[in-house]
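Chemist: What follows is the file query_2.csv, containing CSV, C-alpha atoms:
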```
chain,number,residue,atom,x,y,z
A,1,MET,CA,45.9,24.0,60.3
A,2,SER,CA,42.3,22.9,59.6
A,3,VAL,CA,41.4,21.3,56.3
A,4,VAL,CA,38.4,22.7,54.5
A,5,PRO,CA,36.1,20.0,53.0
A,6,ALA,CA,36.2,19.8,49.2
A,7,GLN,CA,32.5,20.2,48.8
A,8,ALA,CA,32.7,23.5,50.6
A,9,MET,CA,35.2,25.0,48.1
A,10,PRO,CA,34.0,26.6,44.9
A,11,SER,CA,34.1,24.2,42.0
A,12,GLY,CA,36.5,26.3,40.1
A,13,ILE,CA,39.1,25.9,42.8
A,14,THR,CA,38.7,22.3,43.6
A,15,GLY,CA,38.9,21.2,40.0
A,16,GLY,CA,36.2,18.6,40.8
A,17,SER,CA,33.1,18.1,38.8
A,18,ALA,CA,32.4,20.3,35.7
A,19,PRO,CA,29.5,22.7,35.6
A,20,ALA,CA,26.2,21.0,35.3
A,21,LYS,CA,24.7,20.6,31.9
A,22,ALA,CA,21.7,22.6,30.8
A,23,ALA,CA,18.5,20.9,31.7
A,24,ALA,CA,16.6,19.3,28.8
A,25,PRO,CA,13.4,21.0,27.7
A,26,ALA,CA,10.4,19.9,29.6
A,27,GLY,CA,8.5,17.1,27.8
A,28,ALA,CA,11.2,16.4,25.2
A,29,ALA,CA,12.0,12.9,26.7
A,30,ASP,CA,8.4,11.9,26.5
A,31,ALA,CA,7.8,12.9,22.9
A,32,PRO,CA,7.3,9.8,20.7
A,33,ALA,CA,9.7,9.1,17.9
A,34,PRO,CA,8.3,10.0,14.4
A,35,LEU,CA,7.0,6.9,12.5
A,36,ALA,CA,8.0,6.1,9.0
A,37,ALA,CA,5.6,7.0,6.3
A,38,GLY,CA,3.3,4.2,5.2
A,39,ALA,CA,4.0,2.4,2.0
A,40,ARG,CA,2.0,3.4,-1.0
A,41,LEU,CA,-0.6,1.1,-2.4
A,42,PHE,CA,1.0,0.0,-5.7
A,43,PRO,CA,4.6,-0.7,-4.4
A,44,ALA,CA,3.1,-2.6,-1.4
A,45,LEU,CA,0.8,-4.6,-3.7
A,46,VAL,CA,3.7,-5.5,-6.0
A,47,ALA,CA,5.8,-6.6,-3.0
A,48,VAL,CA,3.0,-8.8,-1.6
A,49,TYR,CA,2.2,-10.2,-5.0
A,50,ARG,CA,5.8,-11.3,-5.6
A,51,ALA,CA,6.1,-12.8,-2.2
A,52,GLN,CA,2.9,-14.8,-2.5
A,53,LEU,CA,3.8,-15.9,-6.1
A,54,SER,CA,7.2,-17.2,-5.0
A,55,ARG,CA,5.6,-19.0,-2.1
A,56,ALA,CA,2.8,-20.5,-4.3
A,57,ARG,CA,5.3,-21.6,-6.9
A,58,VAL,CA,6.9,-23.9,-4.4
A,59,ALA,CA,4.0,-25.1,-2.4
A,60,ARG,CA,1.0,-25.1,-4.9
A,61,ILE,CA,2.4,-26.8,-8.0
A,62,PRO,CA,1.2,-30.3,-6.9
A,63,LEU,CA,-2.3,-28.8,-6.1
A,64,LEU,CA,-2.4,-27.1,-9.5
A,65,PHE,CA,-1.7,-30.4,-11.2
A,66,VAL,CA,-4.5,-32.0,-9.2
A,67,ALA,CA,-6.9,-29.2,-10.2
A,68,THR,CA,-6.0,-29.5,-13.9
A,69,PHE,CA,-6.2,-33.3,-13.8
A,70,GLN,CA,-9.6,-33.1,-12.0
A,71,SER,CA,-11.1,-30.7,-14.6
A,72,VAL,CA,-9.8,-32.8,-17.5
A,73,GLY,CA,-11.2,-36.0,-15.9
A,74,ILE,CA,-14.6,-34.3,-15.6
A,75,MET,CA,-14.6,-33.5,-19.3
A,76,VAL,CA,-13.7,-37.0,-20.2
A,77,LEU,CA,-16.5,-38.4,-18.1
A,78,MET,CA,-19.0,-35.9,-19.6
A,79,ARG,CA,-17.9,-36.8,-23.1
A,80,GLY,CA,-19.8,-40.0,-22.7
A,81,VAL,CA,-23.0,-38.0,-21.9
A,82,VAL,CA,-22.7,-34.9,-24.0
A,83,ASP,CA,-22.1,-35.1,-27.7
A,84,GLY,CA,-21.8,-31.4,-28.7
A,85,GLY,CA,-23.6,-28.2,-29.1
A,86,ALA,CA,-24.4,-25.7,-26.3
A,87,GLU,CA,-24.0,-28.4,-23.7
A,88,ALA,CA,-20.4,-29.2,-24.8
A,89,ARG,CA,-19.5,-25.5,-24.7
A,90,SER,CA,-20.8,-25.3,-21.1
A,91,VAL,CA,-18.9,-28.3,-20.0
A,92,VAL,CA,-15.6,-27.1,-21.4
A,93,ALA,CA,-16.0,-23.5,-20.2
A,94,GLY,CA,-17.1,-24.7,-16.7
A,95,SER,CA,-14.3,-27.1,-16.4
A,96,SER,CA,-11.8,-24.5,-17.4
A,97,VAL,CA,-13.0,-22.0,-14.8
A,98,LEU,CA,-13.2,-24.7,-12.2
A,99,VAL,CA,-9.4,-24.7,-12.1
A,100,VAL,CA,-9.6,-21.0,-11.1
A,101,ALA,CA,-12.2,-21.8,-8.5
A,102,PHE,CA,-10.0,-24.6,-7.0
A,103,VAL,CA,-7.0,-22.4,-6.6
A,104,ALA,CA,-8.4,-18.8,-6.1
A,105,LEU,CA,-11.4,-19.7,-4.0
A,106,ASN,CA,-10.6,-23.0,-2.2
A,107,LEU,CA,-6.9,-22.6,-1.5
A,108,LEU,CA,-7.1,-18.9,-0.7
A,109,ALA,CA,-9.9,-19.5,1.8
A,110,GLN,CA,-7.7,-22.1,3.4
A,111,TYR,CA,-4.6,-19.8,3.4
A,112,PHE,CA,-6.3,-16.9,5.1
A,113,GLY,CA,-8.0,-19.2,7.5
A,114,GLN,CA,-4.7,-20.6,8.5
A,115,LEU,CA,-3.1,-17.2,8.6
A,116,ARG,CA,-5.7,-16.0,11.0
A,117,ALA,CA,-5.5,-19.1,13.2
A,118,SER,CA,-1.7,-19.0,13.4
A,119,GLY,CA,-1.5,-15.3,14.2
A,120,GLY,CA,0.1,-14.5,10.9
A,121,LEU,CA,-2.3,-11.5,10.5
A,122,ASP,CA,-0.4,-9.8,13.4
A,123,HIS,CA,2.7,-9.8,11.2
A,124,TYR,CA,1.0,-8.0,8.4
A,125,ALA,CA,-0.7,-5.6,10.9
A,126,THR,CA,2.6,-4.4,12.1
A,127,LEU,CA,3.9,-3.6,8.7
A,128,PRO,CA,3.2,-0.1,7.1
A,129,VAL,CA,1.2,-1.9,4.3
A,130,PRO,CA,-2.4,-0.9,3.4
A,131,PRO,CA,-4.9,-3.8,4.0
A,132,SER,CA,-6.0,-3.6,0.4
A,133,ALA,CA,-2.5,-4.3,-0.8
A,134,VAL,CA,-2.4,-7.5,1.3
A,135,VAL,CA,-5.7,-8.7,0.0
A,136,LEU,CA,-5.2,-7.7,-3.6
A,137,GLY,CA,-1.6,-9.0,-3.7
A,138,ALA,CA,-2.6,-12.4,-2.4
A,139,ALA,CA,-5.6,-12.6,-4.7
A,140,ALA,CA,-3.6,-11.6,-7.8
A,141,ALA,CA,-0.9,-14.2,-7.0
A,142,TYR,CA,-3.4,-17.0,-6.6
A,143,ALA,CA,-5.3,-15.9,-9.7
A,144,SER,CA,-2.1,-15.7,-11.8
A,145,PHE,CA,-1.1,-19.2,-10.6
A,146,THR,CA,-4.2,-20.6,-12.4
A,147,VAL,CA,-3.2,-19.5,-15.9
A,148,PRO,CA,-1.3,-22.7,-17.1
A,149,GLY,CA,-4.0,-25.1,-15.8
A,150,THR,CA,-6.9,-23.1,-17.2
A,151,ALA,CA,-5.3,-22.8,-20.6
A,152,VAL,CA,-4.4,-26.5,-20.7
A,153,THR,CA,-7.9,-27.5,-19.7
A,154,ALA,CA,-9.5,-25.2,-22.4
A,155,VAL,CA,-7.3,-26.6,-25.1
A,156,VAL,CA,-7.8,-30.2,-24.1
A,157,GLY,CA,-11.6,-29.7,-23.8
A,158,SER,CA,-11.8,-28.0,-27.2
A,159,ALA,CA,-10.0,-30.8,-28.8
A,160,LEU,CA,-12.0,-33.4,-27.0
A,161,PHE,CA,-15.4,-31.9,-28.0
A,162,GLN,CA,-14.2,-30.6,-31.4
A,163,LEU,CA,-14.8,-27.0,-30.5
A,164,PRO,CA,-13.1,-24.1,-32.3
A,165,MET,CA,-10.0,-22.6,-30.7
A,166,ALA,CA,-9.9,-19.4,-32.6
A,167,HIS,CA,-11.3,-17.3,-29.8
A,168,LEU,CA,-9.5,-18.8,-26.8
A,169,TRP,CA,-7.7,-15.5,-26.4
A,170,ILE,CA,-10.7,-14.5,-24.4
A,171,LEU,CA,-9.1,-16.4,-21.5
A,172,ALA,CA,-6.8,-13.3,-21.1
A,173,ALA,CA,-9.9,-11.6,-19.8
A,174,VAL,CA,-11.8,-14.5,-18.2
A,175,ILE,CA,-9.0,-15.7,-16.0
A,176,PRO,CA,-8.1,-12.4,-14.2
A,177,LEU,CA,-11.8,-11.3,-13.8
A,178,SER,CA,-13.0,-14.7,-12.6
A,179,GLY,CA,-9.9,-15.1,-10.6
A,180,ALA,CA,-10.4,-11.8,-8.9
A,181,ALA,CA,-14.0,-12.4,-8.1
A,182,LEU,CA,-13.4,-15.9,-6.7
A,183,ALA,CA,-10.2,-14.9,-4.9
A,184,GLY,CA,-12.1,-12.1,-3.2
A,185,LEU,CA,-14.8,-14.5,-2.1
A,186,GLY,CA,-12.3,-17.0,-0.9
A,187,ALA,CA,-10.3,-14.4,1.1
A,188,ALA,CA,-13.5,-13.1,2.7
A,189,LEU,CA,-14.6,-16.7,3.7
A,190,GLY,CA,-11.2,-17.5,5.2
A,191,LEU,CA,-11.0,-14.2,7.2
A,192,LEU,CA,-14.6,-14.3,8.4
A,193,ALA,CA,-14.6,-18.0,9.5
A,194,PRO,CA,-14.2,-18.2,13.2
A,195,ARG,CA,-12.1,-21.4,13.0
A,196,GLN,CA,-9.6,-22.7,10.5
A,197,GLU,CA,-11.6,-25.9,9.9
A,198,LEU,CA,-14.7,-23.8,9.0
A,199,ALA,CA,-12.6,-21.8,6.5
A,200,THR,CA,-11.5,-25.0,4.8
A,201,LEU,CA,-15.1,-26.3,4.8
A,202,CYS,CA,-16.3,-23.0,3.2
A,203,GLY,CA,-13.6,-23.2,0.5
A,204,GLN,CA,-14.6,-26.8,-0.3
A,205,LEU,CA,-18.3,-25.9,-0.5
A,206,GLY,CA,-17.5,-23.0,-2.8
A,207,MET,CA,-15.5,-25.1,-5.1
A,208,SER,CA,-18.2,-27.7,-5.2
A,209,ALA,CA,-20.8,-25.1,-6.1
A,210,ALA,CA,-18.5,-23.9,-8.9
A,211,LEU,CA,-18.3,-27.6,-10.1
A,212,LEU,CA,-22.0,-28.3,-10.0
A,213,LEU,CA,-23.3,-25.0,-11.2
A,214,GLY,CA,-20.6,-24.2,-13.7
A,215,VAL,CA,-19.9,-27.5,-15.4
A,216,LEU,CA,-23.4,-28.9,-15.7
A,217,PRO,CA,-25.4,-27.4,-18.6
A,218,ALA,CA,-27.7,-24.6,-17.4
A,219,GLU,CA,-30.6,-25.9,-19.6
A,220,ARG,CA,-30.8,-29.1,-17.5
A,221,MET,CA,-31.0,-27.4,-14.1
A,222,PRO,CA,-34.2,-26.7,-12.2
A,223,GLU,CA,-35.3,-23.1,-12.1
A,224,VAL,CA,-34.5,-22.7,-8.4
A,225,VAL,CA,-31.0,-23.9,-8.9
A,226,SER,CA,-30.5,-21.5,-11.8
A,227,TYR,CA,-31.1,-18.6,-9.4
A,228,ALA,CA,-28.2,-19.9,-7.3
A,229,ARG,CA,-26.1,-20.2,-10.4
A,230,ASP,CA,-26.6,-16.5,-11.1
A,231,LEU,CA,-25.3,-15.6,-7.7
A,232,LEU,CA,-22.0,-17.5,-8.2
A,233,PRO,CA,-19.2,-15.1,-9.3
A,234,SER,CA,-17.6,-17.5,-11.7
A,235,THR,CA,-20.9,-18.0,-13.7
A,236,TYR,CA,-20.3,-14.9,-15.8
A,237,GLY,CA,-16.8,-16.0,-16.7
A,238,VAL,CA,-18.1,-19.4,-17.7
A,239,GLU,CA,-20.8,-17.8,-19.9
A,240,ALA,CA,-18.3,-15.5,-21.6
A,241,LEU,CA,-16.0,-18.4,-22.4
A,242,ALA,CA,-18.9,-20.6,-23.6
A,243,ARG,CA,-20.1,-17.9,-26.0
A,244,SER,CA,-16.7,-17.6,-27.5
A,245,PHE,CA,-16.9,-21.2,-28.8
A,246,ASP,CA,-19.7,-20.1,-31.2
A,247,ALA,CA,-18.9,-19.9,-34.9
A,248,ARG,CA,-20.0,-16.2,-34.8
A,249,PRO,CA,-19.8,-15.1,-31.1
A,250,ASP,CA,-22.2,-12.4,-29.8
A,251,TRP,CA,-19.4,-10.1,-28.6
A,252,LEU,CA,-21.9,-7.7,-27.0
A,253,ALA,CA,-23.1,-10.5,-24.7
A,254,VAL,CA,-19.5,-11.6,-24.0
A,255,CYS,CA,-18.6,-8.0,-23.0
A,256,THR,CA,-21.7,-7.8,-20.8
A,257,ASP,CA,-20.8,-11.1,-19.0
A,258,LEU,CA,-17.2,-9.8,-18.5
A,259,GLY,CA,-18.5,-6.5,-17.2
A,260,VAL,CA,-20.7,-8.2,-14.7
A,261,CYS,CA,-17.8,-10.4,-13.7
A,262,ALA,CA,-15.6,-7.3,-13.2
A,263,GLY,CA,-18.3,-5.6,-11.0
A,264,VAL,CA,-18.6,-8.8,-8.9
A,265,ALA,CA,-14.8,-8.8,-8.6
A,266,VAL,CA,-14.7,-5.2,-7.2
A,267,VAL,CA,-17.5,-6.0,-4.7
A,268,SER,CA,-15.8,-9.3,-3.5
A,269,LEU,CA,-12.4,-7.7,-3.2
A,270,ALA,CA,-13.9,-4.8,-1.2
A,271,ALA,CA,-15.6,-7.3,1.1
A,272,ALA,CA,-12.3,-9.2,1.5
A,273,THR,CA,-10.5,-5.9,2.4
A,274,TRP,CA,-13.2,-5.2,5.0
A,275,ALA,CA,-12.9,-8.7,6.4
A,276,TYR,CA,-9.1,-8.3,6.7
A,277,ARG,CA,-9.5,-5.1,8.6
A,278,ARG,CA,-12.0,-6.7,10.9
A,279,ALA,CA,-9.8,-9.8,11.5
A,280,ALA,CA,-6.6,-7.8,12.0
A,281,VAL,CA,-7.9,-5.7,14.9
A,282,ARG,CA,-9.2,-8.6,16.9
```
Represent the structure from my file as structure tokens, please.
Modeler:
Amino acid sequence: MSVVPAQAMPSGITGGSAPAKAAAPAGAADAPAPLAAGARLFPALVAVYRAQLSRARVARIPLLFVATFQSVGIMVLMRGVVDGGAEARSVVAGSSVLVVAFVALNLLAQYFGQLRASGGLDHYATLPVPPSAVVLGAAAAYASFTVPGTAVTAVVGSALFQLPMAHLWILAAVIPLSGAALAGLGAALGLLAPRQELATLCGQLGMSAALLLGVLPAERMPEVVSYARDLLPSTYGVEALARSFDARPDWLAVCTDLGVCAGVAVVSLAAATWAYRRAAVR
């Protein structure tokens, strides 16, 4: 008797393979998986701020000590040249804001320059974090890190030049506004510099400008240099702090200086955000 091949028999008789499954809808395998929703600005900003602050707390404490010691040393040297009056107020205010410039401008320019050179921007670019949150979080962390050194410098300078300390609470506005303006400038310099060495150089030059144009009394500067002083973001924070040392401060002028400083901070942070977008896509 001849044997019929198994493949010739109906599948129900042979008990072989089960009926074929239904074909998948056309194009279903090629459809991309849905992406997770992007993080909102404020939670992302807080996360970046906390991460940067914890990093700076470990790595930047020695540099903060150097910045504070540098500013106090400048005031001690200027004590032999300046006796008091408006010049003493300028020296103390400029030296206090110099701590902010050292950290928020100089170190932040170096940080973003290093981040761009090492490819660290690629890590942030893959995260669902808005670019503004990265810039604002880093700027806020570095500005917050300057609070102890700036307060110590202002108190030591006031005691050294015998200036009143009753209005030092103005530092609560001077530090964040000056820090935001300088941090935005430092981040933009670090992100726009084509090489890491140039970012470091730009940060050093910016801090030197804050030293020469902020600490030295404005009355002794040439007129051309005074125009450059008006372009420096920290100048208005220095002016606001210097006015607060008067026996009867002109609070309208103080608020005007702080308002200008806030406007410069918005512009510099917007420029830093644009520089971050530009550097991240390259």
Chemist: Pick the closest to A:Thr126 from A:Ala280, A:Leu185, A:Ala172, A:Leu108: which is it, counting all atoms listed in the file?
Modeler: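 Of the candidates, the smallest distance to A:Thr126 is held by A:Ala280.
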Chemist: For stretch 264-271 of chain A, list every protein, DNA or RNA residue within 12 Å, evaluated using only C-alpha atoms, and leave out those in the same chain fewer than 3 positions away; present the list as a ChimeraX atom specification.
Modeler: /A:105,131-140,143,174-192,230-237,257-261,274-278
Chemist: May I have the residues within 9 Å of A:Arg243 as a PyMOL selection string, using all atoms listed in the file and disregarding those fewer than 3 positions away in the same chain?
Modeler: chain A and resi 86+89-90+238-240+246+248-251+253-254
Chemist: Grab the atom CA of A:Leu212 to atom CA of A:Leu115 distance for me, in Å with one decimal place.
Modeler: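 One can read the atom CA of A:Leu212 to atom CA of A:Leu115 distance as 28.7 Å.
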Chemist: Do you have the atom CA of A:Leu205-atom CA of A:Glu219 distance handy?
Modeler: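 Atom-to-atom, atom CA of A:Leu205 and atom CA of A:Glu219 are spaced 22.7 Å apart.
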Chemist: Do you know which residues are at most 12 Å from A:Gly94 counting only C-alpha atoms, after dropping those on the same chain fewer than 5 positions away, and could you put them as a tab-separated table (two decimals) with C-alpha atoms, keeping the file's coordinate frame?
Modeler:
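What follows is the written file selection.tsv:
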```
chain	number	residue	atom	x	y	z
A	71	SER	CA	-11.10	-30.70	-14.60
A	72	VAL	CA	-9.80	-32.80	-17.50
A	74	ILE	CA	-14.60	-34.30	-15.60
A	75	MET	CA	-14.60	-33.50	-19.30
A	78	MET	CA	-19.00	-35.90	-19.60
A	87	GLU	CA	-24.00	-28.40	-23.70
A	88	ALA	CA	-20.40	-29.20	-24.80
A	89	ARG	CA	-19.50	-25.50	-24.70
A	99	VAL	CA	-9.40	-24.70	-12.10
A	100	VAL	CA	-9.60	-21.00	-11.10
A	101	ALA	CA	-12.20	-21.80	-8.50
A	150	THR	CA	-6.90	-23.10	-17.20
A	153	THR	CA	-7.90	-27.50	-19.70
A	154	ALA	CA	-9.50	-25.20	-22.40
A	157	GLY	CA	-11.60	-29.70	-23.80
A	174	VAL	CA	-11.80	-14.50	-18.20
A	178	SER	CA	-13.00	-14.70	-12.60
A	207	MET	CA	-15.50	-25.10	-5.10
A	208	SER	CA	-18.20	-27.70	-5.20
A	209	ALA	CA	-20.80	-25.10	-6.10
A	210	ALA	CA	-18.50	-23.90	-8.90
A	211	LEU	CA	-18.30	-27.60	-10.10
A	212	LEU	CA	-22.00	-28.30	-10.00
A	213	LEU	CA	-23.30	-25.00	-11.20
A	214	GLY	CA	-20.60	-24.20	-13.70
A	215	VAL	CA	-19.90	-27.50	-15.40
A	216	LEU	CA	-23.40	-28.90	-15.70
A	217	PRO	CA	-25.40	-27.40	-18.60
A	218	ALA	CA	-27.70	-24.60	-17.40
A	229	ARG	CA	-26.10	-20.20	-10.40
A	234	SER	CA	-17.60	-17.50	-11.70
A	235	THR	CA	-20.90	-18.00	-13.70
A	236	TYR	CA	-20.30	-14.90	-15.80
A	237	GLY	CA	-16.80	-16.00	-16.70
A	238	VAL	CA	-18.10	-19.40	-17.70
A	239	GLU	CA	-20.80	-17.80	-19.90
A	240	ALA	CA	-18.30	-15.50	-21.60
A	241	LEU	CA	-16.00	-18.40	-22.40
A	242	ALA	CA	-18.90	-20.60	-23.60
A	243	ARG	CA	-20.10	-17.90	-26.00
```
Chemist: Nearest residue to A:Pro62 out of A:Val103, A:Ala125, A:Ala193, A:Ala159, using all atoms listed in the file?
Modeler: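 Closest residue, counting all atoms listed in the file: A:Val103.
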Chemist: Can you pull out every residue within 10 Å of A:Pro194, counting all atoms listed in the file, but drop anything in the same chain fewer than 3 positions away, and send it as an mmCIF file with C-alpha atoms, keeping the file's coordinate frame?
Modeler:
```
data_model
loop_
_atom_site.group_PDB
_atom_site.id
_atom_site.type_symbol
_atom_site.label_atom_id
_atom_site.label_comp_id
_atom_site.auth_asym_id
_atom_site.auth_seq_id
_atom_site.Cartn_x
_atom_site.Cartn_y
_atom_site.Cartn_z
ATOM 1 C CA GLY A 113 -8.000 -19.200 7.500
ATOM 2 C CA ARG A 116 -5.700 -16.000 11.000
ATOM 3 C CA ALA A 117 -5.500 -19.100 13.200
ATOM 4 C CA LEU A 189 -14.600 -16.700 3.700
ATOM 5 C CA GLY A 190 -11.200 -17.500 5.200
ATOM 6 C CA LEU A 191 -11.000 -14.200 7.200
ATOM 7 C CA GLU A 197 -11.600 -25.900 9.900
ATOM 8 C CA LEU A 198 -14.700 -23.800 9.000
ATOM 9 C CA ALA A 199 -12.600 -21.800 6.500
ATOM 10 C CA ALA A 279 -9.800 -9.800 11.500
#
```
Chemist: Hey, which of A:Cys202, A:Leu127, A:Ile170, A:Ala247 ends up closest to A:Asn106? Count all atoms listed in the file.
Modeler: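 Comparing A:Cys202, A:Leu127, A:Ile170, A:Ala247 against A:Asn106, the winner is A:Cys202.
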Chemist: Between atom CA of A:Leu163 and atom CA of A:Arg79, what is the distance, to one decimal in Å?
Modeler: 12.7 Å
